[in-house]
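A.B. asks: Following this line is start_9.txt, made up of compact mmCIF, C-alpha atoms and all ligand atoms:
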```txt
# COMPACT_ATOMS: atom_id res chain seq x y z
CA MET A 1 59.27 76.51 50.71
CA THR A 2 60.02 72.97 49.61
CA GLN A 3 57.22 71.46 47.61
CA ARG A 4 55.65 68.20 48.76
CA ILE A 5 53.70 66.94 45.77
CA VAL A 6 51.03 64.28 46.10
CA GLN A 7 49.81 63.09 42.73
CA LEU A 8 46.10 62.75 43.26
CA ALA A 9 43.17 61.57 41.15
CA VAL A 10 39.43 61.50 41.67
CA ALA A 11 37.43 58.81 39.89
CA GLN A 12 33.85 59.95 39.52
CA MET A 13 31.39 57.19 38.68
CA GLY A 14 28.37 57.38 36.44
CA PRO A 15 25.28 55.55 37.63
CA VAL A 16 25.27 51.99 38.96
CA GLN A 17 21.95 50.32 38.27
CA ARG A 18 20.30 47.78 40.58
CA SER A 19 21.06 44.92 38.22
CA ASP A 20 24.75 45.79 37.72
CA SER A 21 27.00 43.06 39.11
CA ARG A 22 29.85 43.77 41.54
CA ASP A 23 32.22 42.35 38.92
CA SER A 24 31.11 44.87 36.30
CA VAL A 25 31.41 47.76 38.77
CA VAL A 26 34.88 46.65 39.90
CA LYS A 27 35.95 46.48 36.23
CA ARG A 28 34.91 50.13 35.85
CA LEU A 29 36.89 51.07 38.96
CA ILE A 30 39.97 49.25 37.66
CA ALA A 31 39.67 50.99 34.27
CA MET A 32 39.67 54.36 36.03
CA LEU A 33 42.56 53.26 38.25
CA HIS A 34 44.60 52.65 35.08
CA THR A 35 43.60 56.04 33.67
CA ALA A 36 44.66 57.72 36.90
CA HIS A 37 47.96 55.82 36.87
CA ALA A 38 48.63 56.84 33.25
CA ARG A 39 48.25 60.46 34.40
CA GLY A 40 50.89 59.86 37.07
CA ALA A 41 48.54 59.63 40.05
CA ARG A 42 49.57 57.75 43.19
CA TRP A 43 46.25 58.04 45.05
CA VAL A 44 42.72 57.79 43.71
CA VAL A 45 39.43 58.56 45.41
CA PHE A 46 36.30 56.56 44.53
CA PRO A 47 32.71 57.44 45.61
CA GLU A 48 30.54 56.55 48.61
CA LEU A 49 28.79 53.15 48.27
CA ALA A 50 30.78 52.73 45.08
CA LEU A 51 30.00 49.06 44.54
CA THR A 52 26.21 49.27 44.31
CA THR A 53 23.36 51.52 43.35
CA PHE A 54 22.41 54.08 46.02
CA PHE A 55 19.87 51.70 47.60
CA PRO A 56 18.73 54.01 50.49
CA ARG A 57 16.41 55.65 47.96
CA TRP A 58 14.08 52.66 48.46
CA ASP A 59 12.20 51.23 51.42
CA LEU A 60 13.29 47.67 50.75
CA ARG A 61 11.62 44.81 52.66
CA ASP A 62 13.35 41.69 51.34
CA GLN A 63 16.19 41.06 53.81
CA ALA A 64 18.18 38.98 51.34
CA GLU A 65 18.07 41.82 48.85
CA ILE A 66 19.01 44.37 51.53
CA ASP A 67 21.97 42.19 52.57
CA SER A 68 23.14 42.01 48.97
CA PHE A 69 24.08 45.71 49.08
CA TYR A 70 26.64 45.24 51.89
CA GLU A 71 30.11 43.67 52.11
CA THR A 72 30.87 41.17 54.85
CA SER A 73 34.62 41.32 54.25
CA MET A 74 37.08 43.67 52.60
CA PRO A 75 38.68 42.84 50.31
CA SER A 76 35.89 40.56 49.18
CA ALA A 77 36.10 38.11 46.30
CA ALA A 78 34.59 40.76 44.04
CA THR A 79 36.89 43.60 45.13
CA GLU A 80 40.13 41.58 45.31
CA PRO A 81 40.96 42.43 41.65
CA LEU A 82 40.87 46.14 42.52
CA PHE A 83 43.25 45.62 45.44
CA THR A 84 45.57 43.53 43.26
CA ALA A 85 45.59 46.04 40.39
CA ALA A 86 46.23 48.98 42.73
CA LYS A 87 49.10 47.19 44.46
CA GLN A 88 50.67 46.27 41.11
CA LEU A 89 50.47 49.90 40.03
CA GLY A 90 51.73 51.15 43.40
CA MET A 91 48.59 53.19 43.97
CA GLY A 92 46.61 53.92 47.09
CA PHE A 93 42.86 54.47 47.11
CA TYR A 94 39.74 55.49 49.05
CA LEU A 95 36.69 53.28 48.54
CA GLY A 96 33.18 53.63 49.97
CA TYR A 97 30.93 50.61 50.59
CA GLY A 98 28.16 49.25 52.80
CA GLU A 99 29.66 47.27 55.68
CA ILE A 100 28.15 44.50 57.80
CA ASP A 101 29.94 44.00 61.11
CA GLY A 102 28.05 41.33 63.09
CA GLU A 103 24.60 42.81 63.67
CA ARG A 104 25.71 46.33 62.81
CA ARG A 105 25.65 48.03 59.42
CA PHE A 106 27.69 51.03 58.49
CA ASN A 107 28.26 53.34 55.54
CA THR A 108 32.03 52.86 55.41
CA SER A 109 35.16 53.97 53.59
CA ILE A 110 38.63 52.51 53.66
CA LEU A 111 42.01 53.97 52.87
CA VAL A 112 44.27 51.47 51.13
CA GLY A 113 47.98 52.26 50.85
CA PRO A 114 50.06 51.94 47.66
CA ASP A 115 51.43 48.71 49.19
CA GLY A 116 47.94 47.17 49.28
CA ARG A 117 47.48 47.35 53.06
CA ILE A 118 44.25 48.77 54.52
CA ILE A 119 45.65 51.76 56.41
CA GLY A 120 42.41 53.07 57.81
CA LYS A 121 38.66 52.68 58.09
CA TYR A 122 36.00 55.36 58.60
CA ARG A 123 32.30 54.86 59.32
CA LYS A 124 29.95 57.68 58.32
CA ILE A 125 28.84 59.72 61.31
CA HIS A 126 26.35 62.24 59.91
CA ILE A 127 23.65 59.91 58.57
CA PRO A 128 21.12 62.04 56.69
CA GLY A 129 17.51 61.42 55.78
CA ASP A 130 14.95 59.25 57.50
CA ALA A 131 14.53 55.85 59.16
CA VAL A 132 11.03 55.29 57.78
CA THR A 133 9.30 56.23 54.56
CA GLN A 134 7.85 59.73 54.75
CA ASN A 135 5.09 59.58 52.17
CA SER A 136 4.26 57.75 48.99
CA ALA A 137 7.06 59.34 46.96
CA PRO A 138 8.96 56.69 44.97
CA ILE A 139 12.36 58.20 45.79
CA GLN A 140 13.13 58.33 49.51
CA HIS A 141 16.33 59.02 51.45
CA LEU A 142 16.38 56.27 54.09
CA GLU A 143 19.97 56.14 55.22
CA LYS A 144 18.86 56.07 58.87
CA LYS A 145 17.04 52.80 58.13
CA TYR A 146 20.13 51.15 56.68
CA PHE A 147 23.10 52.53 58.63
CA ALA A 148 24.10 53.03 62.26
CA VAL A 149 26.04 56.14 63.27
CA GLY A 150 29.74 55.48 62.80
CA ASP A 151 31.74 54.60 65.90
CA LEU A 152 35.29 55.38 64.81
CA GLY A 153 35.39 59.18 65.10
CA PHE A 154 37.24 61.22 62.48
CA PRO A 155 40.84 59.92 62.57
CA VAL A 156 43.66 61.25 60.41
CA TRP A 157 46.34 58.81 59.27
CA GLN A 158 49.99 59.70 58.82
CA THR A 159 50.96 58.11 55.51
CA ASP A 160 54.28 58.36 53.67
CA ASP A 161 52.81 61.07 51.43
CA ALA A 162 50.52 63.16 53.65
CA LYS A 163 48.30 63.23 56.71
CA ILE A 164 45.09 61.85 55.22
CA GLY A 165 41.56 61.97 56.65
CA MET A 166 38.28 60.55 55.39
CA CYS A 167 34.62 61.38 55.60
CA ILE A 168 31.53 60.41 53.64
CA CYS A 169 29.02 62.53 51.73
CA ASN A 170 26.78 64.38 54.21
CA ASP A 171 29.74 64.68 56.62
CA ARG A 172 31.27 67.21 54.23
CA ARG A 173 28.57 69.76 55.01
CA TRP A 174 29.41 69.90 58.74
CA PRO A 175 32.30 72.14 59.86
CA GLU A 176 32.79 69.90 62.91
CA THR A 177 33.87 67.03 60.64
CA TRP A 178 36.71 69.02 59.18
CA ARG A 179 37.73 70.82 62.36
CA VAL A 180 38.21 67.54 64.23
CA MET A 181 40.52 66.48 61.41
CA GLY A 182 42.04 69.97 61.22
CA LEU A 183 43.07 69.56 64.85
CA GLN A 184 45.05 66.49 63.78
CA GLY A 185 46.85 68.48 61.10
CA ILE A 186 44.99 66.98 58.12
CA GLU A 187 46.72 67.75 54.82
CA LEU A 188 44.47 65.80 52.46
CA GLY A 189 40.80 64.97 52.98
CA MET A 190 39.06 62.33 50.90
CA VAL A 191 35.29 62.17 50.56
CA GLY A 192 32.93 60.08 48.45
CA TYR A 193 29.31 61.09 47.91
CA ASN A 194 25.92 60.32 46.35
CA THR A 195 23.93 63.54 46.33
CA PRO A 196 20.44 63.28 44.85
CA SER A 197 19.11 66.31 42.98
CA GLY A 198 15.72 65.90 44.63
CA TYR A 199 14.71 65.19 48.22
CA VAL A 200 11.34 63.90 49.28
CA GLN A 201 11.08 66.26 52.28
CA TRP A 202 11.99 69.55 50.69
CA ASP A 203 11.79 71.09 47.22
CA GLU A 204 14.97 73.15 47.53
CA PRO A 205 15.83 74.61 44.10
CA ILE A 206 17.96 72.01 42.33
CA HIS A 207 20.78 74.37 41.35
CA LEU A 208 21.57 74.82 45.04
CA ARG A 209 22.65 71.16 45.38
CA MET A 210 25.81 71.83 43.39
CA HIS A 211 26.32 75.24 44.99
CA HIS A 212 26.20 73.86 48.54
CA HIS A 213 28.37 70.87 47.63
CA LEU A 214 31.16 73.09 46.30
CA LEU A 215 30.67 75.77 48.96
CA SER A 216 31.10 73.18 51.75
CA LEU A 217 34.25 71.70 50.24
CA GLN A 218 35.86 75.05 49.45
CA ALA A 219 35.14 76.47 52.90
CA ALA A 220 36.39 73.31 54.63
CA ALA A 221 39.61 73.19 52.61
CA TYR A 222 40.42 76.83 53.30
CA GLN A 223 39.44 76.86 56.98
CA ASN A 224 41.45 73.72 57.72
CA ALA A 225 44.36 74.38 55.34
CA CYS A 226 43.97 71.06 53.54
CA TRP A 227 43.46 69.66 50.09
CA ILE A 228 40.11 67.93 49.55
CA ALA A 229 39.37 65.30 46.91
CA ALA A 230 35.66 64.60 46.42
CA ALA A 231 34.32 61.76 44.25
CA GLY A 232 30.64 61.47 43.40
CA LYS A 233 28.44 58.80 41.96
CA SER A 234 26.48 60.81 39.44
CA GLY A 235 23.87 60.84 36.73
CA VAL A 236 20.56 58.98 36.59
CA GLU A 237 20.45 55.84 38.71
CA GLU A 238 17.20 53.93 38.49
CA GLY A 239 15.36 57.11 37.48
CA ALA A 240 16.90 59.25 40.23
CA HIS A 241 19.38 61.96 39.29
CA MET A 242 22.51 62.65 41.36
CA ILE A 243 24.85 65.60 40.96
CA GLY A 244 28.33 65.36 39.46
CA GLY A 245 30.88 68.02 40.38
CA SER A 246 33.63 65.70 41.60
CA CYS A 247 36.60 67.90 42.32
CA ILE A 248 39.97 68.61 43.87
CA VAL A 249 40.09 71.69 46.09
CA ALA A 250 43.28 73.42 47.28
CA PRO A 251 43.89 74.82 50.77
CA THR A 252 43.36 78.22 49.16
CA GLY A 253 39.72 77.22 48.76
CA GLU A 254 40.08 77.16 44.97
CA ILE A 255 38.86 74.31 42.78
CA MET A 256 41.88 73.00 40.86
CA ALA A 257 40.09 70.27 38.87
CA LYS A 258 36.44 69.37 38.37
CA THR A 259 34.59 66.81 36.28
CA LEU A 260 32.71 68.00 33.21
CA GLY A 261 30.09 65.29 32.91
CA GLU A 262 28.06 62.84 34.99
CA GLY A 263 29.64 59.58 33.86
CA ASP A 264 32.79 57.66 34.75
CA GLU A 265 35.46 60.37 34.59
CA VAL A 266 38.94 60.77 36.05
CA ILE A 267 40.39 64.12 37.08
CA SER A 268 43.86 64.61 38.50
CA PHE A 269 46.14 67.24 39.97
CA ASP A 270 49.62 67.43 41.45
CA CYS A 271 48.80 68.69 44.93
CA ASP A 272 51.51 70.48 46.88
CA MET A 273 50.99 69.66 50.55
CA ALA A 274 53.29 72.53 51.51
CA ILE A 275 50.67 75.09 50.46
CA GLY A 276 48.69 74.25 53.59
CA ASP A 277 51.75 74.94 55.76
CA ASN A 278 51.50 78.68 55.02
CA TYR A 279 47.94 78.79 56.27
CA ARG A 280 48.78 76.67 59.30
CA ALA A 281 51.68 79.01 60.14
CA ASN A 282 49.76 82.24 59.66
CA ILE A 283 46.03 83.01 59.49
CA PHE A 284 45.06 79.52 60.73
CA HIS A 285 47.81 78.95 63.29
CA PHE A 286 45.40 77.08 65.54
CA ALA A 287 47.60 77.05 68.65
CA ARG A 288 48.01 80.83 68.57
CA HIS A 289 44.59 81.96 67.46
CA ARG A 290 41.89 79.46 68.43
CA ARG A 291 39.91 80.24 71.60
CA PRO A 292 38.41 76.92 72.75
CA GLU A 293 37.38 78.45 76.08
CA HIS A 294 34.65 80.19 74.08
CA TYR A 295 33.60 77.16 72.05
CA GLY A 296 31.98 75.15 74.88
CA LEU A 297 28.52 75.27 73.29
CA LEU A 298 29.83 73.19 70.41
CA VAL A 299 29.88 70.10 72.59
CA GLU A 300 27.28 71.12 75.18
CA ARG A 301 24.43 71.50 72.69
CA THR A 302 23.33 69.31 69.79
CA GLY A 303 20.35 71.35 68.59
CA ALA A 304 20.14 75.13 68.86
CA GLY A 305 18.84 76.42 72.22
CA ASP A 306 17.98 79.80 73.66
CA PRO A 307 20.18 82.81 72.86
CA LEU A 308 22.74 83.52 75.58
CA GLY A 309 23.08 87.26 74.95
CA LYS A 310 22.50 89.53 77.97
CA GLU A 311 22.45 93.29 78.25
CA PRO A 312 25.83 94.49 79.50
CA GLN A 313 25.90 95.49 83.23
N1 LIG A 401 24.63 60.24 50.65
C1 LIG A 401 24.38 61.38 51.32
O1 LIG A 401 24.80 61.58 52.45
N2 LIG A 401 23.60 62.28 50.66
C2 LIG A 401 23.17 63.48 51.30
C3 LIG A 401 21.79 63.83 50.82
C4 LIG A 401 21.09 64.65 51.80
S1 LIG A 401 19.41 64.86 51.42
C5 LIG A 401 18.68 63.90 52.60
C6 LIG A 401 24.11 64.66 51.06
O2 LIG A 401 24.35 65.40 52.01
O3 LIG A 401 24.55 64.89 49.93
```
Give the structure from this file in structure tokens form.

C.D. replies:
Amino acid sequence: MTQRIVQLAVAQMGPVQRSDSRDSVVKRLIAMLHTAHARGARWVVFPELALTTFFPRWDLRDQAEIDSFYETSMPSAATEPLFTAAKQLGMGFYLGYGEIDGERRFNTSILVGPDGRIIGKYRKIHIPGDAVTQNSAPIQHLEKKYFAVGDLGFPVWQTDDAKIGMCICNDRRWPETWRVMGLQGIELGMVGYNTPSGYVQWDEPIHLRMHHHLLSLQAAAYQNACWIAAAGKSGVEEGAHMIGGSCIVAPTGEIMAKTLGEGDEVISFDCDMAIGDNYRANIFHFARHRRPEHYGLLVERTGAGDPLGKEPQ
């Protein structure tokens, strides 16, 4: 089998505080871009909402302040240096940010090619949390207040290096996200995230946050025969802790590289896209083995309904 190597890096970010300027954040991204390049990487994945603090933790009321967390254009004046540096280095990247499009606001990621062109845009579809504050807890999760449900589906883009798909944070937990991309032959999935260790609605044991994060990525990579690169914004932001665990997962379901800490940290791996071909040709040969005539409930129901089992006649 001929190898098809994609040199991939994940740039985990440490915290971004409320007072950190876009310029200072973009400088950090560019520093990690150079580190990734020095390691031979051609693509780098940055986190969800990489340019600001994870503001959905607050029920903000000042519209000017709320607006300050979104981008009205991309590249913007502040992000142009990142685009320029990446193009000079011949590197492509995934970047997550808050997007204003007219009256609509989305939690968005873009895929920028090594030539500096924006190849693709994705708008987060699974928006977790609440639209209004739940109680008096200082740390909320109000993504439904700040973002509309994405309207672009889950496209996969054919690039010169691989078929690349994108999703954002909570999307990674849903098998539907990955299967829709699997059905387009995804070879490399990119995902940015901000995963708080605590959640106002539910005191799930904290160690499970990392377990479920890795479990979701490993299952998705294996079941859809793709590489997955996941970049988190981590550590303590404005008093709220978010998990690290940025990683690169192979189509075997194995973690090939993972961050050690919770700060700015680059990991990299030479990913052979051909590994997925074996799975696509055998155990997960979708055309031969999938049975969509039995999957109707997947699109007929949103929430779980009554069991359909009947006693045999
Ligand atoms: N950013 C994001 O989507 N975070 C969610 C937290 C869910 S708890 C309401 C996640 O799935 O990691």

A.B. asks: What separation in Å, quoted to one decimal, exists between CA of Tyr70 in chain A and CA of Ala148 in chain A?

C.D. replies: 13.2 Å

A.B. asks: Would you list the contacts of Pro114 in chain A as a count of residues only, taking every protein, DNA or RNA residue within 9 Å and counting all atoms listed in the file, but skipping same-chain residues closer than 3 positions in sequence?

C.D. replies: 11

A.B. asks: Counting only C-alpha atoms and all ligand atoms, which protein, DNA or RNA residues come within 10 Å of ligand LIG 401 (chain A), given as a count of residues only?

C.D. replies: 44

A.B. asks: Point out the residue among A:Trp58, A:Phe269, A:Trp157, A:Phe83 with the least atom-to-atom distance to Val132 in chain A, counting all atoms listed in the file.

C.D. replies: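 Distance minimum relative to Val132 in chain A lands on A:Trp58.
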
A.B. asks: Would you be able to write out as a PyMOL selection string which residues have an atom within 10 Å of (25.6, 47.4, 40.7) in the file's coordinates, counting only C-alpha atoms?

C.D. replies: chain A and resi 15-26+50-55+69

A.B. asks: Separation of CA of Ala229 in chain A and CA of Asp115 in chain A, in Å?

C.D. replies: 20.6 Å
